[in-house]
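Asks: To start, I am sharing the structure in question, which I have written as structure tokens.
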Amino acid sequence: MNDTEPQTAKGKVLWHFTMSLDGFVAGPNHAMGWMTGTPSRPGLIQEYVTTTGAVLSGRSGWDAGYARPYGGAWSGPVFVLTHHPQDATPTEGVTFLNCDPAEAVRIGLTAADGGNLEVHSPTIGRQLLALGLIDEIDLHIAPVLLGDGIRLFDNPGGEPITLRHVGDRPPTVVVNVRYEPTTRARTATSGAH
């Protein structure tokens, strides 16, 4: 499976996550340690450092210890969408917004100044997708099964959302991935004589 083309700064609203193979973008309580030691292609992080103009995050991720993306290599405006900004701890470079998601996108794109507005929240991303405000979903699938945590997309009872692949493959082709487990579950009979 070939990697996608390098990311470009085009003033896009980019829903961007590293995701486990089973669809989680964070572990329980927004834990992110599962991504440690999972390499990406050389230069990938720098692409996002260069093309990101602003970040839109959610309050629950922020309260769980959200840190600046890309290991602190990126510095730009972060917007945290919340219903209760009055009890947020003021932080340099972070603006707490209490508005509808579409207004948050307008504010974020203005601040991004031609760069991409990265959405780092499953909840906000889902709302923006429903409003037709997501330009691109950019996922990096890590070879790990978490089994629990925060899913990229939950929409119980909702209609499926069809996506179109970006790149040189047919736009609706299935993306195939193949992995082998590095740890094997012990069977009930192993070790028994």
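For the structure tokens, the naming scheme is as follows: chains receive sequential letters (A, B, ...) according to their order of presentation, residues are indexed from 1 within each chain, and ligands are indexed from 1 in presentation order.
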If you run DSSP on the backbone here, which positions in chain A get helix (DSSP H, G or I)? Please write them as a count of residues only.
Replies: 46
Asks: I'd like the contact shell of Gly158 (chain A) - 12 Å cut-off, only C-alpha atoms, skipping same-chain residues fewer than 4 positions apart - returned as a list in words.
Replies: Arg126, Ala130, Phe153 and Asp154 of chain A
Asks: Store the residues picked out above in a file with N, CA and C atoms, as an mmCIF file, in the first residue's frame.
Replies:
```cif
data_model
loop_
_atom_site.group_PDB
_atom_site.id
_atom_site.type_symbol
_atom_site.label_atom_id
_atom_site.label_comp_id
_atom_site.auth_asym_id
_atom_site.auth_seq_id
_atom_site.Cartn_x
_atom_site.Cartn_y
_atom_site.Cartn_z
ATOM 1 N N ARG A 126 -17.009 15.035 13.837
ATOM 2 C CA ARG A 126 -18.306 14.454 13.453
ATOM 3 C C ARG A 126 -19.327 15.564 13.184
ATOM 4 N N ALA A 130 -21.065 16.490 9.487
ATOM 5 C CA ALA A 130 -22.516 16.612 9.281
ATOM 6 C C ALA A 130 -22.880 17.955 8.661
ATOM 7 N N PHE A 153 -15.047 7.860 14.881
ATOM 8 C CA PHE A 153 -16.389 8.205 14.420
ATOM 9 C C PHE A 153 -17.401 7.250 15.019
ATOM 10 N N ASP A 154 -18.340 7.792 15.762
ATOM 11 C CA ASP A 154 -19.495 7.055 16.265
ATOM 12 C C ASP A 154 -20.740 7.766 15.750
#
```
Asks: For Asp113 (chain A), list every protein, DNA or RNA residue within 8 Å, evaluated using only C-alpha atoms, and leave out those in the same chain fewer than 3 positions away; present the list as a ChimeraX atom specification.
Replies: /A:11,53,109-110
Asks: Would you compute the distance between CA of Thr91 (chain A) and CA of Lys12 (chain A)? Give it in Å to one decimal.
Replies: 25.5 Å
Asks: Skipping near chain neighbours, those fewer than 4 positions away, what residues fall within 8 Å of Gln7 (chain A) using only C-alpha atoms, listed as a list in words?
Replies: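 That gives Glu47, Tyr48 and Thr51 of chain A.
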Asks: Go ahead and dump the residues you just picked, N, CA, C and O atoms, as an mmCIF file, in the first residue's frame.
Replies:
```cif
data_model
loop_
_atom_site.group_PDB
_atom_site.id
_atom_site.type_symbol
_atom_site.label_atom_id
_atom_site.label_comp_id
_atom_site.auth_asym_id
_atom_site.auth_seq_id
_atom_site.Cartn_x
_atom_site.Cartn_y
_atom_site.Cartn_z
ATOM 1 N N GLU A 47 5.828 17.662 7.377
ATOM 2 C CA GLU A 47 4.768 18.100 6.451
ATOM 3 C C GLU A 47 3.656 18.818 7.203
ATOM 4 O O GLU A 47 3.168 19.861 6.771
ATOM 5 N N TYR A 48 3.265 18.226 8.328
ATOM 6 C CA TYR A 48 2.161 18.814 9.094
ATOM 7 C C TYR A 48 2.609 20.051 9.862
ATOM 8 O O TYR A 48 1.836 21.001 10.001
ATOM 9 N N THR A 51 2.421 22.694 7.139
ATOM 10 C CA THR A 51 1.140 23.003 6.492
ATOM 11 C C THR A 51 0.023 23.380 7.459
ATOM 12 O O THR A 51 -1.019 23.861 7.032
#
```
Asks: DSSP on the backbone, strand (DSSP E or B) only: what residues of region 26-171 of chain A does that give? Format it as a JSON list (two decimals) with C-alpha atoms, in the first residue's frame.
Replies:
```json
[["chain", "number", "residue", "atom", "x", "y", "z"],
["A", 26, "ALA", "CA", -7.12, 7.65, 21.82],
["A", 52, "THR", "CA", -0.81, 23.48, 9.72],
["A", 53, "GLY", "CA", -1.95, 27.05, 10.31],
["A", 54, "ALA", "CA", -4.19, 26.45, 13.34],
["A", 55, "VAL", "CA", -5.66, 23.63, 15.41],
["A", 56, "LEU", "CA", -9.25, 23.17, 16.60],
["A", 57, "SER", "CA", -9.57, 20.88, 19.61],
["A", 58, "GLY", "CA", -12.29, 19.78, 22.01],
["A", 78, "VAL", "CA", -4.92, 26.48, 19.15],
["A", 79, "PHE", "CA", -8.66, 26.89, 19.59],
["A", 80, "VAL", "CA", -10.52, 24.78, 22.15],
["A", 81, "LEU", "CA", -14.26, 24.60, 21.59],
["A", 94, "VAL", "CA", -4.76, 28.89, 23.26],
["A", 95, "THR", "CA", -8.16, 30.50, 22.79],
["A", 96, "PHE", "CA", -11.23, 28.94, 24.38],
["A", 97, "LEU", "CA", -14.29, 29.37, 22.17],
["A", 116, "ASN", "CA", -4.76, 24.15, 7.09],
["A", 117, "LEU", "CA", -7.06, 24.10, 10.10],
["A", 118, "GLU", "CA", -6.49, 20.73, 11.75],
["A", 119, "VAL", "CA", -9.40, 19.31, 13.72],
["A", 120, "HIS", "CA", -8.14, 17.21, 16.65],
["A", 136, "GLU", "CA", -10.34, 16.09, 4.02],
["A", 137, "ILE", "CA", -9.94, 13.25, 6.51],
["A", 138, "ASP", "CA", -6.28, 12.37, 6.95],
["A", 139, "LEU", "CA", -5.62, 9.15, 8.87],
["A", 140, "HIS", "CA", -2.43, 7.34, 9.78],
["A", 141, "ILE", "CA", -3.37, 3.78, 10.70],
["A", 142, "ALA", "CA", -1.09, 2.37, 13.38],
["A", 150, "ILE", "CA", -12.17, 7.10, 21.94],
["A", 151, "ARG", "CA", -13.33, 6.18, 18.44]]
```
Asks: Restricting the calculation to only C-alpha atoms, which member of A:Val105, A:Thr18, A:Tyr66, A:Thr123 is positioned closest to Ser40 (chain A)?
Replies: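 The answer is A:Thr18, which sits nearest to Ser40 (chain A).
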Asks: Tell me which protein, DNA and RNA residues are within 9 Å of Gly27 (chain A), counting only C-alpha atoms, leaving out same-chain ones fewer than 5 positions away, and put them as JSON, numbers by chain.
Replies: {"A": [32, 33, 34, 146, 147, 148, 149, 150, 151]}
Asks: So that I have them on file, write out the residues from the current selection with all heavy atoms, as a short mmCIF file (atom, residue, chain, number, x, y, z; two decimals), in the first residue's frame.
Replies:
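Heads up, here's the output in out_21.cif:
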```
data_model
loop_
_atom_site.label_atom_id
_atom_site.label_comp_id
_atom_site.auth_asym_id
_atom_site.auth_seq_id
_atom_site.Cartn_x
_atom_site.Cartn_y
_atom_site.Cartn_z
N MET A 32 -2.74 8.55 25.13
CA MET A 32 -2.08 8.58 23.82
C MET A 32 -0.77 7.79 23.80
O MET A 32 -0.10 7.73 22.77
CB MET A 32 -1.81 10.04 23.42
CG MET A 32 -3.06 10.91 23.37
SD MET A 32 -4.29 10.33 22.22
CE MET A 32 -3.61 10.92 20.69
N GLY A 33 -0.39 7.18 24.91
CA GLY A 33 0.87 6.47 25.00
C GLY A 33 1.01 5.31 24.02
O GLY A 33 2.12 4.89 23.69
N TRP A 34 -0.11 4.80 23.53
CA TRP A 34 -0.08 3.67 22.59
C TRP A 34 0.63 4.01 21.29
O TRP A 34 1.07 3.14 20.56
CB TRP A 34 -1.50 3.16 22.31
CG TRP A 34 -2.40 4.20 21.69
CD1 TRP A 34 -3.15 5.13 22.36
CD2 TRP A 34 -2.63 4.41 20.31
NE1 TRP A 34 -3.83 5.92 21.46
CE2 TRP A 34 -3.54 5.49 20.20
CE3 TRP A 34 -2.17 3.79 19.16
CZ2 TRP A 34 -3.97 5.96 18.97
CZ3 TRP A 34 -2.63 4.27 17.93
CH2 TRP A 34 -3.52 5.35 17.86
N LEU A 146 -6.45 -1.51 19.89
CA LEU A 146 -6.62 -1.01 21.25
C LEU A 146 -7.76 -1.69 21.98
O LEU A 146 -7.69 -1.95 23.16
CB LEU A 146 -6.85 0.50 21.26
CG LEU A 146 -5.66 1.37 20.91
CD1 LEU A 146 -6.04 2.84 20.99
CD2 LEU A 146 -4.48 1.09 21.82
N GLY A 147 -8.89 -1.92 21.29
CA GLY A 147 -10.02 -2.58 21.91
C GLY A 147 -10.89 -1.69 22.78
O GLY A 147 -11.99 -2.07 23.14
N ASP A 148 -10.41 -0.50 23.12
CA ASP A 148 -11.17 0.40 23.99
C ASP A 148 -10.60 1.80 23.85
O ASP A 148 -9.42 1.96 23.53
CB ASP A 148 -11.05 -0.06 25.44
CG ASP A 148 -11.99 0.67 26.38
OD1 ASP A 148 -12.93 1.35 25.90
OD2 ASP A 148 -11.81 0.56 27.60
N GLY A 149 -11.44 2.79 24.06
CA GLY A 149 -10.96 4.17 24.01
C GLY A 149 -11.93 5.08 23.30
O GLY A 149 -13.15 4.87 23.32
N ILE A 150 -11.39 6.09 22.65
CA ILE A 150 -12.17 7.10 21.94
C ILE A 150 -12.13 6.77 20.45
O ILE A 150 -11.06 6.75 19.85
CB ILE A 150 -11.57 8.52 22.14
CG1 ILE A 150 -11.27 8.79 23.62
CG2 ILE A 150 -12.46 9.58 21.52
CD1 ILE A 150 -12.43 8.94 24.51
N ARG A 151 -13.26 6.51 19.86
CA ARG A 151 -13.33 6.18 18.44
C ARG A 151 -13.26 7.44 17.59
O ARG A 151 -13.70 8.50 18.00
CB ARG A 151 -14.63 5.45 18.11
CG ARG A 151 -14.66 4.04 18.63
CD ARG A 151 -15.66 3.21 17.85
NE ARG A 151 -15.63 1.84 18.30
CZ ARG A 151 -14.77 0.94 17.87
NH1 ARG A 151 -13.87 1.25 16.98
NH2 ARG A 151 -14.80 -0.29 18.33
#
```
Asks: Between A:Pro156, A:Pro28, A:Gly37, A:Gly115, single out the one closest to Val49 (chain A), counting only C-alpha atoms.
Replies: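 Under the stated criterion, the closest residue is A:Gly115.
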Asks: Check the smallest atom-to-atom distance from each of A:Tyr70, A:Val177, A:Phe24, A:Gln86 to Leu145 (chain A) using only C-alpha atoms, then report the winner.
Replies: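 Answer, going by the shortest atom-to-atom distance: A:Phe24.
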Asks: Give me the residues within 8 Å of Pro143 (chain A) as a ChimeraX atom specification, counting only C-alpha atoms and dropping any in the same chain fewer than 4 places off.
Replies: /A:20-21,179
Asks: So how many Å separate CA of Gly23 (chain A) and CA of Pro122 (chain A), to one decimal?
Replies: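 Distance reported for this atom pair: 11.1 Å.
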